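Report on one structure; see the data block that follows.
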Amino acid sequence: MVSIIPAHEAHTDPMDSPTPYAEALRRFAARDTVRLIVPGHSGDPSSSPDLTDFFGEQLLRLDVAPLVSGIDLGLYTPYERALELAAEAWSAKRSWFLTNGSSQANRIAALALGFFGERSQPVVAQRSTHSSFIDGMIIAGLDAVFVQPTIDHALGIAHGVSPERLVEALDRTPDAKAAYLVSPSYFGATVDVPALAQIAHEHGVPLVVDAAWGAHYGFHPELPPSPVALGPAEAGRVGHGADLVIMSTHKLGGSLTQSAMLHLGHGEFAAALEPFVDRAFVLEQSTSESALLLASLDLARHQLQTGAERIGASLEAAEQLREAIRAGGRFRIASDGFSGDDVAAVDASRVSIDVGAGGLLGHAVREVMLRDHGIQFELSTDACVLAIVGPGAHPDIARIADALHGLSADDPEVAAAGFVRVPLPEPGPKRMLVREAAFAASVVVPADEAIGRVSADSLAAYPPGIPNVMPGEEITAETVRFLQHVAAAPTGFVRGAVDPAVATLRVVA
């Protein structure tokens, strides 16, 4: 193989590149190297013709195993430099690259919190947390006192936790060791992170924020600031930001699917949290991390930092889509009604469309739009579909609006008429600790017989993956009805279910 490094770059240092890890990886892939090492394709396109035909030659060459001098092995490497640049970009004290999504970050956070403070101390956590944090709680043996976010039952949407609710939850949990919140929500509702961080700090605990959907925050003036960033100092107080932040960089940051980051904030809790996060990261880290995913994180960070104009154009496209929907006079933009002390801002890249206002069923609309019009929405509820315009994206606005407005409420396939909406259920009473229930002896019973018994599983309508019942909670008739309703929907899926229809449930014996 002949080297493909341009002559004028042959002697420059990847450490001087704006994307040091990606540049070091590219240079290694371009070298004439006989790889007698895993992965099994050896970076040789001729060894794996099916992979090469599907992905192209360059991908195989870039698929480099870890621990290579000049990339991630040595005293100060391009990998470490890429981590420094990421921390600077998101205003963090320190950042970690992850190759198993923000699910990995949530498990790391739960493990770190499990050993932070006393083992018996609970975490005050938002009830609409992602199921991966519950998975982490099970692994860590972490207990939680849950605080409910604001719920829009008509649209089936969970927002954030208000300052008042966080104060109340921390006041009634004096032994709490941390607060764990979610912002932004799946539909883009964003809380006032500095205000909530200040409340947590005044109660003597760090604030962890699952900002899986906020990786693009802070990179354009029309977007909220990074949740890691310190808020303004007021009345003689220092500024406050979240102490640990989870980010699905692949979601709206532009990196490859399954890549994510974890950011450590600044302030009094950073030094105390860091060693626990470090240890948890090692426990959760793959020993064969994908160089492709790591490079995509390095590249996505640089693209966000230098892409304000591109982001702005995409935000403008999202607003044009909202205007086209409003102009039709049939549907409503759901986020137009987002307000209250639990919503400080709304992510302008998300377009939430209340199709129920036009007599349509959201789940059916999502399926038909993809099948018949080649338009794929991110998410649906009974009433809404959610469109996401990622940084740099330029969707065909007229195509989307025309297809939506062309759907008829007289068409039984998409009509909401006669369809019974099932509201989000209130969680059942907590009967056991999450870990105890998850590892307890269990039996599988018909769903109607599970009512009133203790769940051994975490069950979540997916997306968004928010547990509707957790291990240790009592299963209610409302929860069974809701989960079966989701499973029967055109795009429905219940994560953790024993069977796809949720006809049976696993309960503590």
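Ordering of the structure tokens sets the chain letters (A, B, ...); residue numbers start at 1 within each chain; ligands are numbered from 1 in the order shown.
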Arg431 in chain A environment, 7 Å, only C-alpha atoms, sequence neighbours closer than 5 positions dropped, as a list in words
Val454, Gly472, Glu473 and Glu474 of chain A
Limited to N, CA and C atoms, could you put the picked residues into a file as an mmCIF file, in the first residue's frame?
```
data_model
loop_
_atom_site.group_PDB
_atom_site.id
_atom_site.type_symbol
_atom_site.label_atom_id
_atom_site.label_comp_id
_atom_site.auth_asym_id
_atom_site.auth_seq_id
_atom_site.Cartn_x
_atom_site.Cartn_y
_atom_site.Cartn_z
ATOM 1 N N VAL A 454 -44.820 -6.763 42.867
ATOM 2 C CA VAL A 454 -43.597 -5.961 42.735
ATOM 3 C C VAL A 454 -42.853 -6.350 41.463
ATOM 4 N N GLY A 472 -38.787 -3.060 41.911
ATOM 5 C CA GLY A 472 -39.102 -2.634 43.273
ATOM 6 C C GLY A 472 -40.384 -1.849 43.396
ATOM 7 N N GLU A 473 -40.948 -1.397 42.252
ATOM 8 C CA GLU A 473 -42.204 -0.659 42.288
ATOM 9 C C GLU A 473 -43.383 -1.603 42.098
ATOM 10 N N GLU A 474 -44.490 -1.237 42.710
ATOM 11 C CA GLU A 474 -45.711 -2.007 42.541
ATOM 12 C C GLU A 474 -46.288 -1.750 41.150
#
```
Would you pick out the contacts of Leu60 in chain A at 12 Å or less, using only C-alpha atoms, so that residues sharing its chain but fewer than 2 positions from it are not included, and give the list as a PyMOL selection string?
chain A and resi 25-26+29-30+35+38-58+62-65+290-292
Please report, as a Markdown table, each residue of range 184-288 of chain A lying at most 6 Å from range 159-176 of chain A, together with the nearest pair of atoms and the separation in Å rounded to one decimal; use only C-alpha atoms, and order rows by chain and ascending residue number.
```
| residue | atom | partner | partner_atom | distance |
| --- | --- | --- | --- | --- |
| A:Ser185 | CA | A:His159 | CA | 5.8 |
| A:Ala189 | CA | A:His159 | CA | 5.7 |
| A:Leu196 | CA | A:Pro163 | CA | 5.9 |
```
Please provide the set of residues having any atom within 12 Å of Leu294 in chain A, restricted to only C-alpha atoms, with same-chain residues fewer than 2 positions apart removed, written as number ranges by chain.
A: 19-25, 62-66, 71-72, 78-80, 82-83, 86, 96-101, 249-250, 255-261, 288-292, 296-301
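Residues with any atom within 7 Å of Val208 in chain A, counting only C-alpha atoms and excluding same-chain neighbours fewer than 5 positions away, are Ala179, Tyr180, Leu181, Ala242, Asp243, Leu244 and Val245 of chain A.
Of the residues under consideration (A:Arg332, A:Arg421, A:Arg435, A:Arg399), A:Arg435 shows the shortest atom-to-atom contact distance to Ile139 in chain A when counting only C-alpha atoms.
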Separation of CA of Leu75 in chain A and CA of Ala295 in chain A, in Å?
19.6 Å
Check the DSSP output for the backbone and give back, as a ChimeraX atom specification, the residues of range 268-384 of chain A in alpha helix (DSSP H).
/A:270-284,291-305,308-327,362-373
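Each of A:Leu379, A:Val434, A:Ile466, A:Ile311 was compared to Gly392 in chain A using only C-alpha atoms, and A:Ile311 turns out to be the nearest.
Considering the residues A:Asp32, A:Pro446, A:Val145, A:Gly70 and counting only C-alpha atoms, Lys430 in chain A has its shortest atom-to-atom contact with A:Val145.
Here CA of Leu321 in chain A and CA of Val355 in chain A stand 14.1 Å from one another.
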